[in-house]
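Data block for my_file_15.tsv (TSV, C-alpha atoms (C1' of nucleotides)):
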```tsv
chain	number	residue	atom	x	y	z
K	1	MET	CA	-39.32	-82.40	104.02
K	2	THR	CA	-39.60	-84.56	100.99
K	3	ASN	CA	-43.36	-84.34	101.03
K	4	ASN	CA	-45.09	-82.05	98.60
K	5	ASN	CA	-46.92	-80.05	101.21
K	6	SER	CA	-44.03	-77.84	102.18
K	7	TRP	CA	-44.42	-74.30	100.92
K	8	LEU	CA	-41.96	-71.49	100.70
K	9	VAL	CA	-43.91	-68.27	100.32
K	10	VAL	CA	-41.81	-65.47	98.89
K	11	LEU	CA	-42.78	-61.93	99.80
K	12	ALA	CA	-40.90	-59.43	97.67
K	13	GLY	CA	-41.23	-55.83	96.57
K	14	PRO	CA	-39.43	-52.50	96.50
K	15	THR	CA	-37.82	-51.02	99.56
K	16	ALA	CA	-40.19	-49.21	101.95
K	17	VAL	CA	-43.30	-50.68	100.36
K	18	GLY	CA	-44.28	-52.39	103.63
K	19	LYS	CA	-42.85	-55.91	103.41
K	20	THR	CA	-41.60	-56.16	106.99
K	21	LYS	CA	-44.85	-55.17	108.64
K	22	LEU	CA	-47.04	-57.31	106.43
K	23	ALA	CA	-44.72	-60.31	106.69
K	24	ILE	CA	-44.95	-60.25	110.47
K	25	GLU	CA	-48.74	-60.13	110.35
K	26	LEU	CA	-48.83	-63.00	107.89
K	27	ALA	CA	-46.33	-65.05	109.90
K	28	GLU	CA	-48.44	-64.53	113.01
K	29	TYR	CA	-51.58	-65.57	111.16
K	30	PHE	CA	-49.97	-68.71	109.75
K	31	LYS	CA	-48.04	-69.33	112.98
K	32	THR	CA	-44.71	-69.59	111.26
K	33	CYS	CA	-41.36	-67.87	110.85
K	34	ILE	CA	-39.59	-65.49	108.47
K	35	ILE	CA	-36.34	-65.89	106.58
K	36	ASN	CA	-34.81	-62.60	105.56
K	37	ALA	CA	-33.78	-62.22	101.92
K	38	ASP	CA	-32.38	-58.76	102.11
K	39	SER	CA	-28.66	-58.65	101.42
K	40	ARG	CA	-28.03	-55.68	103.69
K	41	GLN	CA	-30.15	-56.66	106.67
K	42	LEU	CA	-27.72	-59.55	107.13
K	43	TYR	CA	-25.25	-57.21	108.84
K	44	LYS	CA	-25.53	-56.47	112.52
K	45	GLU	CA	-23.75	-53.11	112.31
K	46	LEU	CA	-26.28	-51.72	109.85
K	47	GLN	CA	-28.93	-50.93	112.42
K	48	ILE	CA	-30.59	-47.84	111.02
K	49	GLY	CA	-29.85	-47.42	107.33
K	50	THR	CA	-31.24	-50.75	106.15
K	51	ALA	CA	-34.56	-50.52	108.00
K	52	PRO	CA	-34.40	-54.00	109.55
K	53	PRO	CA	-37.26	-55.26	111.73
K	54	THR	CA	-37.30	-53.57	115.15
K	55	PRO	CA	-36.53	-55.57	118.33
K	56	GLU	CA	-40.26	-55.60	119.09
K	57	GLU	CA	-41.00	-57.00	115.65
K	58	LEU	CA	-38.26	-59.58	116.02
K	59	ASN	CA	-39.90	-60.65	119.29
K	60	LYS	CA	-43.26	-61.24	117.69
K	61	VAL	CA	-42.10	-63.71	115.07
K	62	GLU	CA	-39.08	-65.95	114.74
K	63	HIS	CA	-36.66	-64.46	112.22
K	64	TYR	CA	-33.67	-65.98	110.48
K	65	PHE	CA	-30.80	-64.29	108.66
K	66	VAL	CA	-31.36	-60.92	110.27
K	67	GLN	CA	-28.18	-59.23	111.49
K	68	ILE	CA	-26.17	-62.43	111.66
K	69	LEU	CA	-23.00	-61.14	110.03
K	70	SER	CA	-20.44	-58.45	110.64
K	71	VAL	CA	-19.64	-56.01	107.87
K	72	LYS	CA	-16.12	-57.36	108.13
K	73	ASP	CA	-17.30	-60.84	107.10
K	74	TYR	CA	-17.08	-61.97	103.53
K	75	TYR	CA	-20.34	-63.35	102.25
K	76	ASN	CA	-21.99	-64.13	98.95
K	77	VAL	CA	-25.22	-65.29	97.32
K	78	SER	CA	-24.06	-68.85	97.02
K	79	GLN	CA	-23.43	-69.14	100.73
K	80	PHE	CA	-26.84	-67.63	101.30
K	81	GLU	CA	-28.42	-70.20	99.00
K	82	ASN	CA	-26.76	-73.13	100.74
K	83	GLU	CA	-27.40	-71.91	104.26
K	84	VAL	CA	-31.05	-71.09	103.61
K	85	ILE	CA	-31.67	-74.42	101.92
K	86	SER	CA	-30.21	-76.38	104.82
K	87	LEU	CA	-32.16	-74.27	107.27
K	88	LEU	CA	-35.31	-75.00	105.30
K	89	TYR	CA	-34.63	-78.71	105.56
K	90	GLU	CA	-34.70	-78.31	109.34
K	91	LEU	CA	-37.64	-75.96	109.53
K	92	PHE	CA	-39.87	-77.96	107.22
K	93	LYS	CA	-39.66	-80.86	109.66
K	94	THR	CA	-42.02	-78.96	111.94
K	95	ARG	CA	-43.74	-76.49	109.62
K	96	LYS	CA	-45.49	-76.59	106.32
K	97	LEU	CA	-45.20	-72.95	105.38
K	98	ILE	CA	-42.29	-70.58	105.69
K	99	PHE	CA	-41.93	-67.00	104.51
K	100	LEU	CA	-38.94	-65.71	102.60
K	101	VAL	CA	-39.09	-61.93	102.78
K	102	GLY	CA	-36.84	-59.33	101.24
K	103	GLY	CA	-35.89	-57.13	98.37
K	104	SER	CA	-32.72	-58.70	97.01
K	105	GLY	CA	-33.90	-60.35	93.81
K	106	LEU	CA	-30.71	-62.27	93.21
K	107	TYR	CA	-30.78	-63.73	96.72
K	108	ILE	CA	-34.40	-64.79	96.35
K	109	ASP	CA	-33.72	-66.39	92.98
K	110	ALA	CA	-30.72	-68.24	94.40
K	111	VAL	CA	-32.98	-69.84	97.00
K	112	CYS	CA	-35.79	-70.59	94.53
K	113	ASN	CA	-33.79	-71.74	91.51
K	114	GLY	CA	-30.25	-72.18	92.73
K	115	ILE	CA	-27.13	-70.80	91.11
K	116	ASP	CA	-24.35	-72.65	89.39
K	117	ASP	CA	-21.42	-74.06	91.24
K	118	MET	CA	-18.44	-71.76	90.76
K	119	PRO	CA	-15.29	-70.91	92.61
K	120	ASN	CA	-15.38	-68.11	95.16
K	121	TYR	CA	-13.37	-65.06	94.41
K	122	ASP	CA	-9.75	-64.82	95.43
K	123	PRO	CA	-9.02	-61.48	97.15
K	124	GLU	CA	-5.36	-61.57	96.19
K	125	LEU	CA	-6.17	-62.11	92.54
K	126	ARG	CA	-8.74	-59.35	92.55
K	127	LYS	CA	-6.26	-56.95	94.10
K	128	GLU	CA	-3.79	-57.79	91.38
K	129	LEU	CA	-6.39	-57.39	88.65
K	130	LEU	CA	-7.43	-54.03	90.06
K	131	ILE	CA	-3.86	-52.82	89.71
K	132	GLN	CA	-3.81	-54.05	86.12
K	133	TYR	CA	-7.12	-52.35	85.49
K	134	GLU	CA	-5.88	-49.00	86.75
K	135	LYS	CA	-2.78	-49.35	84.67
K	136	ASN	CA	-4.17	-50.70	81.41
K	137	GLY	CA	-7.81	-49.67	81.35
K	138	ILE	CA	-10.94	-51.56	80.41
K	139	ASP	CA	-9.96	-52.33	76.81
K	140	TRP	CA	-7.04	-54.39	78.02
K	141	PHE	CA	-9.48	-56.36	80.18
K	142	ARG	CA	-11.85	-56.92	77.32
K	143	ALA	CA	-9.00	-58.24	75.19
K	144	LEU	CA	-7.93	-60.54	78.01
K	145	LEU	CA	-11.46	-61.89	78.36
K	146	LYS	CA	-11.72	-62.41	74.61
K	147	LYS	CA	-8.59	-64.53	74.76
K	148	LEU	CA	-9.57	-66.50	77.87
K	149	ASP	CA	-13.26	-67.02	77.11
K	150	PRO	CA	-14.52	-65.94	73.67
K	151	ASN	CA	-17.93	-67.34	74.53
K	152	THR	CA	-18.48	-65.06	77.49
K	153	TYR	CA	-16.93	-62.19	75.55
K	154	GLN	CA	-19.74	-62.58	73.03
K	155	ASN	CA	-22.52	-62.62	75.57
K	156	ILE	CA	-21.45	-60.38	78.42
K	157	ASP	CA	-22.11	-56.65	78.81
K	158	LEU	CA	-18.65	-55.40	77.88
K	159	LYS	CA	-19.26	-52.02	79.47
K	160	ASN	CA	-19.90	-53.54	82.86
K	161	LYS	CA	-16.55	-53.86	84.51
K	162	ASN	CA	-17.79	-55.97	87.42
K	163	ARG	CA	-18.96	-58.65	85.00
K	164	ILE	CA	-15.72	-58.63	83.07
K	165	PHE	CA	-13.76	-58.82	86.31
K	166	ARG	CA	-15.67	-61.77	87.59
K	167	ALA	CA	-15.38	-63.71	84.34
K	168	VAL	CA	-11.66	-63.03	84.05
K	169	GLU	CA	-11.13	-64.00	87.69
K	170	VAL	CA	-12.84	-67.34	87.27
K	171	CYS	CA	-10.88	-68.09	84.10
K	172	LEU	CA	-7.54	-67.29	85.69
K	173	GLN	CA	-8.33	-69.12	88.91
K	174	THR	CA	-9.54	-72.33	87.35
K	175	GLY	CA	-7.90	-72.44	83.96
K	176	LYS	CA	-11.37	-73.05	82.53
K	177	PRO	CA	-13.60	-70.52	80.82
K	178	TYR	CA	-16.22	-68.80	82.91
K	179	SER	CA	-18.87	-70.01	80.47
K	180	TYR	CA	-17.92	-73.59	81.39
K	181	PHE	CA	-19.38	-73.03	84.86
K	182	LEU	CA	-22.35	-71.01	83.76
K	183	LYS	CA	-24.89	-73.72	83.15
K	184	ASN	CA	-28.02	-71.83	84.07
K	185	THR	CA	-29.77	-74.98	85.19
K	186	LYS	CA	-32.66	-74.71	87.55
K	187	LYS	CA	-32.14	-76.78	90.67
K	188	HIS	CA	-34.94	-78.95	91.90
K	189	ARG	CA	-36.30	-77.95	95.29
K	190	PRO	CA	-38.18	-80.42	97.47
K	191	PHE	CA	-40.77	-77.81	98.39
K	192	LYS	CA	-43.29	-75.70	96.52
K	193	ILE	CA	-42.86	-72.00	96.01
K	194	LEU	CA	-45.49	-69.29	95.95
K	195	LYS	CA	-44.34	-65.83	94.92
K	196	ILE	CA	-46.00	-62.64	96.07
K	197	ALA	CA	-44.83	-59.14	95.24
K	198	LEU	CA	-45.99	-55.90	96.79
K	199	ASN	CA	-46.30	-52.56	95.08
K	200	ARG	CA	-48.12	-49.31	95.55
K	201	ASN	CA	-48.66	-46.03	93.73
K	202	ARG	CA	-45.30	-44.66	92.67
K	203	LEU	CA	-45.66	-41.20	94.19
K	204	GLU	CA	-46.93	-42.69	97.41
K	205	LEU	CA	-43.91	-45.01	97.53
K	206	TYR	CA	-41.55	-42.10	96.92
K	207	ASP	CA	-43.24	-40.19	99.70
K	208	ILE	CA	-42.75	-43.07	102.12
K	209	ILE	CA	-39.11	-43.38	101.07
K	210	ASN	CA	-38.43	-39.67	101.57
K	211	ASN	CA	-40.07	-39.69	104.99
K	212	ARG	CA	-38.24	-42.81	106.01
K	213	VAL	CA	-34.88	-41.24	105.19
K	214	ASP	CA	-35.77	-38.25	107.37
K	215	LYS	CA	-36.72	-40.60	110.20
K	216	MET	CA	-33.45	-42.48	109.82
K	217	THR	CA	-31.44	-39.29	110.18
K	218	GLU	CA	-33.46	-38.43	113.31
K	219	LYS	CA	-32.64	-41.86	114.70
K	220	GLY	CA	-28.92	-41.25	114.22
K	221	LEU	CA	-27.99	-42.52	110.79
K	222	ILE	CA	-25.22	-39.95	110.56
K	223	GLU	CA	-23.66	-41.17	113.81
K	224	GLU	CA	-23.95	-44.73	112.61
K	225	ALA	CA	-22.21	-43.87	109.36
K	226	LYS	CA	-19.45	-42.09	111.29
K	227	SER	CA	-18.89	-45.15	113.44
K	228	LEU	CA	-18.59	-47.32	110.32
K	229	TYR	CA	-16.42	-44.95	108.34
K	230	SER	CA	-13.31	-47.08	108.78
K	231	PHE	CA	-15.09	-49.95	106.99
K	232	LYS	CA	-16.17	-47.86	104.06
K	233	ASN	CA	-14.31	-49.96	101.54
K	234	TYR	CA	-15.96	-53.19	102.62
K	235	THR	CA	-18.68	-54.41	100.28
K	236	PRO	CA	-21.55	-54.23	102.80
K	237	LEU	CA	-20.91	-50.51	103.21
K	238	LYS	CA	-21.40	-49.90	99.52
K	239	THR	CA	-24.97	-49.28	100.42
K	240	VAL	CA	-27.46	-46.49	99.89
K	241	GLY	CA	-27.61	-44.42	103.06
K	242	TYR	CA	-24.00	-45.01	104.00
K	243	LYS	CA	-21.95	-44.31	100.90
K	244	GLU	CA	-23.53	-40.85	100.55
K	245	LEU	CA	-22.78	-40.02	104.18
K	246	PHE	CA	-19.19	-41.16	103.76
K	247	ASP	CA	-18.89	-38.63	100.96
K	248	TYR	CA	-20.38	-36.00	103.25
K	249	LEU	CA	-17.84	-36.89	105.94
K	250	GLU	CA	-15.16	-36.34	103.31
K	251	ASN	CA	-16.67	-32.93	102.54
K	252	LYS	CA	-17.72	-33.90	99.05
K	253	TYR	CA	-21.26	-32.76	99.81
K	254	SER	CA	-23.09	-30.74	102.40
K	255	LEU	CA	-25.28	-32.73	104.77
K	256	ASP	CA	-28.43	-31.58	102.98
K	257	GLU	CA	-27.03	-32.67	99.64
K	258	ALA	CA	-26.07	-36.05	101.06
K	259	ILE	CA	-29.56	-36.61	102.47
K	260	ASP	CA	-31.17	-35.60	99.18
K	261	LEU	CA	-28.87	-38.06	97.43
K	262	ILE	CA	-29.88	-40.85	99.81
K	263	LYS	CA	-33.52	-40.18	98.98
K	264	ARG	CA	-32.83	-40.11	95.27
K	265	ASN	CA	-30.72	-43.27	95.31
K	266	THR	CA	-33.28	-45.09	97.43
K	267	ARG	CA	-35.98	-44.21	94.89
K	268	LYS	CA	-33.73	-45.45	92.13
K	269	TYR	CA	-33.06	-48.63	94.02
K	270	ALA	CA	-36.79	-49.22	94.46
K	271	ARG	CA	-37.27	-48.91	90.70
K	272	LYS	CA	-34.46	-51.34	90.04
K	273	GLN	CA	-36.08	-53.83	92.40
K	274	LEU	CA	-39.39	-53.48	90.58
K	275	THR	CA	-37.63	-54.22	87.28
K	276	TRP	CA	-36.21	-57.38	88.74
K	277	PHE	CA	-39.50	-58.69	90.13
K	278	ARG	CA	-41.55	-57.72	87.08
K	279	ARG	CA	-39.37	-59.94	84.95
K	280	ASP	CA	-40.43	-63.03	86.90
K	281	LYS	CA	-43.99	-63.76	85.79
K	282	ASP	CA	-44.56	-66.11	88.73
K	283	TYR	CA	-45.08	-63.17	91.03
K	284	ARG	CA	-48.62	-62.25	91.89
K	285	TRP	CA	-48.85	-58.55	92.72
K	286	PHE	CA	-50.75	-57.05	95.65
K	287	HIS	CA	-51.07	-53.77	97.48
K	288	PRO	CA	-49.57	-54.07	100.99
K	289	ASN	CA	-52.96	-53.22	102.49
K	290	ASP	CA	-54.62	-56.20	100.85
K	291	LYS	CA	-53.80	-58.51	103.71
K	292	SER	CA	-56.95	-60.59	103.53
K	293	LEU	CA	-56.67	-60.99	99.77
K	294	ILE	CA	-53.13	-62.21	100.25
K	295	ILE	CA	-54.16	-64.65	102.97
K	296	HIS	CA	-56.84	-66.04	100.66
K	297	TYR	CA	-54.35	-66.29	97.85
K	298	ILE	CA	-51.94	-68.26	100.02
K	299	GLU	CA	-54.64	-70.51	101.45
K	300	ASN	CA	-56.11	-71.25	98.06
K	301	ASN	CA	-52.73	-72.32	96.80
K	302	ILE	CA	-51.63	-74.48	99.66
K	303	ASN	CA	-55.07	-76.04	100.19
K	304	GLU	CA	-54.67	-76.46	103.89
K	305	ARG	CA	-55.55	-74.46	106.94
K	306	THR	CA	-53.43	-75.94	109.68
K	307	PHE	CA	-49.72	-75.49	109.85
K	308	PHE	CA	-47.97	-77.33	112.62
N	309	G	C1'	-34.23	5.95	88.03
N	310	G	C1'	-29.39	4.62	84.97
N	311	U	C1'	-25.97	0.93	82.95
N	312	A	C1'	-24.52	-4.09	81.96
N	313	C	C1'	-25.70	-9.10	81.68
N	314	C	C1'	-29.26	-13.11	81.69
N	315	C	C1'	-34.22	-15.74	80.24
N	316	U	C1'	-33.16	-22.73	75.93
N	317	A	C1'	-35.99	-29.99	78.71
N	318	G	C1'	-38.74	-30.78	85.56
N	319	C	C1'	-33.54	-28.55	87.47
N	320	U	C1'	-28.38	-26.57	86.32
N	321	C	C1'	-26.44	-24.99	81.96
N	322	A	C1'	-24.03	-25.68	76.65
N	323	G	C1'	-24.99	-24.18	71.63
N	324	U	C1'	-26.53	-22.44	66.79
N	325	U	C1'	-20.62	-16.96	62.50
N	326	G	C1'	-29.25	-17.03	60.79
N	327	G	C1'	-31.20	-23.20	58.03
N	328	U	C1'	-36.39	-24.77	64.53
N	329	A	C1'	-31.25	-27.53	69.29
N	330	G	C1'	-27.70	-30.71	73.03
N	331	A	C1'	-25.14	-32.39	78.04
N	332	G	C1'	-25.33	-33.65	83.27
N	333	C	C1'	-28.93	-34.53	86.99
N	334	A	C1'	-34.19	-35.87	87.70
N	335	A	C1'	-38.27	-38.94	85.28
N	336	C	C1'	-39.45	-43.62	82.82
N	337	G	C1'	-38.00	-48.61	80.91
N	338	G	C1'	-34.40	-52.71	80.62
N	339	A	C1'	-30.15	-56.15	81.83
N	340	C	C1'	-28.53	-59.05	85.88
N	341	U	C1'	-24.99	-66.22	88.45
N	342	G	C1'	-19.96	-65.44	94.62
N	343	A	C1'	-19.50	-56.98	94.83
N	344	A	C1'	-26.50	-57.40	93.75
N	345	A	C1'	-28.80	-51.44	98.30
N	346	A	C1'	-23.42	-53.65	93.58
N	347	U	C1'	-22.45	-52.83	88.36
N	348	C	C1'	-24.25	-51.49	83.65
N	349	C	C1'	-27.62	-50.22	79.28
N	350	G	C1'	-31.64	-47.69	76.90
N	351	U	C1'	-36.09	-44.22	76.12
N	352	A	C1'	-38.84	-39.97	76.26
N	353	G	C1'	-39.17	-34.94	76.98
N	354	G	C1'	-38.24	-28.09	74.27
N	355	U	C1'	-43.92	-23.14	69.90
N	356	C	C1'	-35.22	-21.71	72.68
N	357	G	C1'	-39.54	-15.43	78.05
N	358	U	C1'	-43.72	-12.51	75.08
N	359	U	C1'	-44.98	-9.45	70.89
N	360	G	C1'	-43.42	-7.18	66.62
N	361	G	C1'	-39.44	-5.94	62.79
N	362	U	C1'	-35.40	-7.26	59.12
N	363	U	C1'	-34.77	-11.83	56.07
N	364	C	C1'	-36.28	-16.83	51.25
N	365	A	C1'	-35.58	-18.47	56.45
N	366	A	C1'	-35.13	-15.95	63.39
N	367	U	C1'	-34.12	-19.74	69.11
N	368	U	C1'	-29.83	-16.92	66.93
N	369	C	C1'	-29.80	-10.09	64.39
N	370	C	C1'	-32.88	-5.45	65.85
N	371	A	C1'	-36.84	-3.07	68.93
N	372	A	C1'	-40.47	-2.86	72.67
N	373	C	C1'	-42.47	-5.25	76.77
N	374	G	C1'	-42.32	-8.80	81.01
N	375	G	C1'	-39.27	-11.41	84.59
N	376	G	C1'	-34.39	-11.96	86.99
N	377	U	C1'	-29.14	-10.79	88.59
N	378	A	C1'	-25.14	-7.37	89.43
N	379	C	C1'	-23.18	-2.64	89.74
N	380	C	C1'	-24.01	2.80	89.84
N	381	A	C1'	-27.12	6.50	91.78
```

Go through the file and emit its structure as structure tokens.
Amino acid sequence: MTNNNSWLVVLAGPTAVGKTKLAIELAEYFKTCIINADSRQLYKELQIGTAPPTPEELNKVEHYFVQILSVKDYYNVSQFENEVISLLYELFKTRKLIFLVGGSGLYIDAVCNGIDDMPNYDPELRKELLIQYEKNGIDWFRALLKKLDPNTYQNIDLKNKNRIFRAVEVCLQTGKPYSYFLKNTKKHRPFKILKIALNRNRLELYDIINNRVDKMTEKGLIEEAKSLYSFKNYTPLKTVGYKELFDYLENKYSLDEAIDLIKRNTRKYARKQLTWFRRDKDYRWFHPNDKSLIIHYIENNINERTFF
RNA sequence: GGUACCCUAGCUCAGUUGGUAGAGCAACGGACUGAAAAUCCGUAGGUCGUUGGUUCAAUUCCAACGGGUACCA
């Protein structure tokens, strides 16, 4: 895979825009496989709410990283990066083009650029810090961060408690400031990358999202959420489509309110994804219906027509 | 038909003892390094129901009209 003719083609875009369908058509055309880059389609229990490829679709094209984990498993972007990269080493032995398809911007960037080497989080420490947080509030945490890592304190969003938590955790775990690990260096990849993003008219996208939520409830999303209720505090269940139904099951909302909230939060999520992909100027934008334009774009870039 | 109350941002509602107005949600934009479908930040948007009166000045007080809600007949 050290040759320069290996291509990773990224297909990104907001949820419900049509990535899955188009990716399968493209993979069939180029006779290759798909690596999923959607942080929630990794989990096998999330069958309905994350709109993973259907069994028929999975049969058409070889897929990787779809429903490989349990919601009980701990997982993170760094593991994803490492596992995808070693899989790519294998796959590029027999293929020249591979698709990376999904909507999780951070996961895609981790594969394309890499992320810095840092310690994993320590559940015990986090539990302890959570207790401190409840007791002392966010100001106490800010002060602690300022003491442990003035550099990060200067640069971080001090209103974002997840960021503060993470930085403090790394400092306490390693005895070194978080900023020591944060090098922001782009890793070299022994393959070329072509980035494609999909988008469509906003109202049309919202319409598709709203309809898809209705279809999910018809398919049994509520039952699925009920069956996963006992895992509601696990990270993978902090997901649009599930968290709202957990609140419904706790009588915080009516069912109708919960479903409206799922639609609203999915629309919001789509916008957040667009913000992420817009920032990266390497993306070339297409409408999901422009399949032949996309095929030309890929072929023009890779300069070859056979892929075996 | 009578009485009372209401009409302010796309929605739900604050508010101005008279000096042309805000919150939450929605909309739109942005940030993003082991929680990322997470977690945060910002922007815009109103002839304050209509018409008239009082006043230096009315979204605010008064009247009529229109629309709504509740109660009484």

**Report entry** Sel. within 8 Å of pt (-37.3, -32.7, 79.5), counting all atoms listed in the file, output as a VMD selection string
**Finding:** chain N and resid 317 to 318 353 to 354

Those selected residues, please, written with C-alpha atoms (C1' of nucleotides) and delivered as a PDB file, in the frame of the given file.
```
ATOM      1  C1'   A N 317     -35.990 -29.990  78.710  1.00  0.00           C
ATOM      2  C1'   G N 318     -38.740 -30.780  85.560  1.00  0.00           C
ATOM      3  C1'   G N 353     -39.170 -34.940  76.980  1.00  0.00           C
ATOM      4  C1'   G N 354     -38.240 -28.090  74.270  1.00  0.00           C
TER       5        G N 354
END
```

Query raised in the report: At a cut-off of 12 Å from (-33.8, -64.1, 94.7) in the coordinates of the file, what residues are picked up using all atoms listed in the file, written as JSON, numbers by chain?
Result: {"K": [10, 11, 12, 13, 36, 37, 38, 39, 77, 78, 80, 81, 84, 100, 101, 102, 103, 104, 105, 106, 107, 108, 109, 110, 111, 112, 113, 114, 115, 195, 273, 276, 277, 279, 280, 283], "N": [340, 341, 344]}

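For U320 of chain N, the list of residues within 12 Å, based on all atoms listed in the file and with local chain neighbours fewer than 4 positions off taken out, reads A331, G332, C333 and A334 of chain N.
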
Query raised in the report: What is the atom CA of Tyr297 of chain K-atom CA of Lys19 of chain K distance in Å, reported with one decimal?
Result: 16.5 Å

Pull the closest atom pair for each residue of chain N that gets at most 12 Å from chain K, along with the distance in Å to one decimal, counting only C-alpha atoms (C1' of nucleotides), ordering rows by chain and then ascending residue number, as JSON lines.
```
{"residue": "N:C333", "atom": "C1'", "partner": "K:Arg264", "partner_atom": "CA", "distance": 10.7}
{"residue": "N:A334", "atom": "C1'", "partner": "K:Arg264", "partner_atom": "CA", "distance": 8.8}
{"residue": "N:A335", "atom": "C1'", "partner": "K:Lys268", "partner_atom": "CA", "distance": 10.5}
{"residue": "N:C336", "atom": "C1'", "partner": "K:Arg271", "partner_atom": "CA", "distance": 9.7}
{"residue": "N:G337", "atom": "C1'", "partner": "K:Thr275", "partner_atom": "CA", "distance": 8.5}
{"residue": "N:G338", "atom": "C1'", "partner": "K:Thr275", "partner_atom": "CA", "distance": 7.6}
{"residue": "N:A339", "atom": "C1'", "partner": "K:Asp157", "partner_atom": "CA", "distance": 8.6}
{"residue": "N:C340", "atom": "C1'", "partner": "K:Leu106", "partner_atom": "CA", "distance": 8.3}
{"residue": "N:U341", "atom": "C1'", "partner": "K:Ile115", "partner_atom": "CA", "distance": 5.7}
{"residue": "N:G342", "atom": "C1'", "partner": "K:Asn76", "partner_atom": "CA", "distance": 5.0}
{"residue": "N:A343", "atom": "C1'", "partner": "K:Thr235", "partner_atom": "CA", "distance": 6.1}
{"residue": "N:A344", "atom": "C1'", "partner": "K:Leu106", "partner_atom": "CA", "distance": 6.5}
{"residue": "N:A345", "atom": "C1'", "partner": "K:Thr239", "partner_atom": "CA", "distance": 4.9}
{"residue": "N:A346", "atom": "C1'", "partner": "K:Lys238", "partner_atom": "CA", "distance": 7.3}
{"residue": "N:U347", "atom": "C1'", "partner": "K:Asn162", "partner_atom": "CA", "distance": 5.7}
{"residue": "N:C348", "atom": "C1'", "partner": "K:Asn160", "partner_atom": "CA", "distance": 4.9}
{"residue": "N:C349", "atom": "C1'", "partner": "K:Asp157", "partner_atom": "CA", "distance": 8.5}
```

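Using all atoms listed in the file, the shortest contact distance between Leu8 of chain K and any of K:Asn301, K:Gln132, K:Asn289, K:Gln154 is found at K:Asn301.
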
Neighbour list for segment 323-330 of chain N as an mmCIF file with C-alpha atoms (C1' of nucleotides), in the frame of the given file, cut-off 10 Å, all atoms listed in the file, skip fewer than 3 positions in-chain:
```cif
data_model
loop_
_atom_site.group_PDB
_atom_site.id
_atom_site.type_symbol
_atom_site.label_atom_id
_atom_site.label_comp_id
_atom_site.auth_asym_id
_atom_site.auth_seq_id
_atom_site.Cartn_x
_atom_site.Cartn_y
_atom_site.Cartn_z
ATOM 1 C "C1'" U N 316 -33.160 -22.730 75.930
ATOM 2 C "C1'" G N 354 -38.240 -28.090 74.270
ATOM 3 C "C1'" U N 355 -43.920 -23.140 69.900
ATOM 4 C "C1'" C N 356 -35.220 -21.710 72.680
ATOM 5 C "C1'" U N 363 -34.770 -11.830 56.070
ATOM 6 C "C1'" A N 365 -35.580 -18.470 56.450
ATOM 7 C "C1'" A N 366 -35.130 -15.950 63.390
ATOM 8 C "C1'" U N 367 -34.120 -19.740 69.110
ATOM 9 C "C1'" U N 368 -29.830 -16.920 66.930
ATOM 10 C "C1'" C N 369 -29.800 -10.090 64.390
#
```

Show me, as AutoDock Vina command-line options, the centre and edge lengths in Å to one decimal of the axis-aligned box that covers every listed atom of segment 3-21 of chain K with 5 Å on each side.
```
--center_x -42.4 --center_y -66.8 --center_z 102.6 --size_x 19.1 --size_y 45.1 --size_z 22.1
```

**Report entry** Atom-to-atom span, atom CA of Ile208 of chain K and atom CA of Asn251 of chain K, Å
**Finding:** 28.0 Å

Query - Nearest to U358 of chain N, chosen from N:C314, N:C379, N:A322, N:C373, with all atoms listed in the file counted in the distances - result: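 Among the listed residues, the smallest separation from U358 of chain N belongs to N:C373.
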
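Atom CA of Ile35 of chain K is positioned 24.7 Å from atom CA of Val213 of chain K.
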
Report task. Return the single residue from K:Ile295, K:Val17, K:Ile196, K:Leu46 that is closest to Lys226 of chain K, with distances computed using all atoms listed in the file. Result ->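 Of K:Ile295, K:Val17, K:Ile196, K:Leu46, the one nearest Lys226 of chain K is K:Leu46, counting all atoms listed in the file.
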
Env of Thr20 of chain K: 9 Å cut, atoms = only C-alpha atoms (C1' of nucleotides), seq-sep filter 4 positions within chain, self excluded. Answer as a PDB file with C-alpha atoms, in the frame of the given file.
```pdb
ATOM      1  CA  ALA K  16     -40.190 -49.210 101.950  1.00  0.00           C
ATOM      2  CA  ILE K  24     -44.950 -60.250 110.470  1.00  0.00           C
ATOM      3  CA  GLU K  25     -48.740 -60.130 110.350  1.00  0.00           C
ATOM      4  CA  PRO K  52     -34.400 -54.000 109.550  1.00  0.00           C
ATOM      5  CA  PRO K  53     -37.260 -55.260 111.730  1.00  0.00           C
ATOM      6  CA  GLU K  57     -41.000 -57.000 115.650  1.00  0.00           C
ATOM      7  CA  VAL K 101     -39.090 -61.930 102.780  1.00  0.00           C
ATOM      8  CA  GLY K 102     -36.840 -59.330 101.240  1.00  0.00           C
TER       9      GLY K 102
END
```
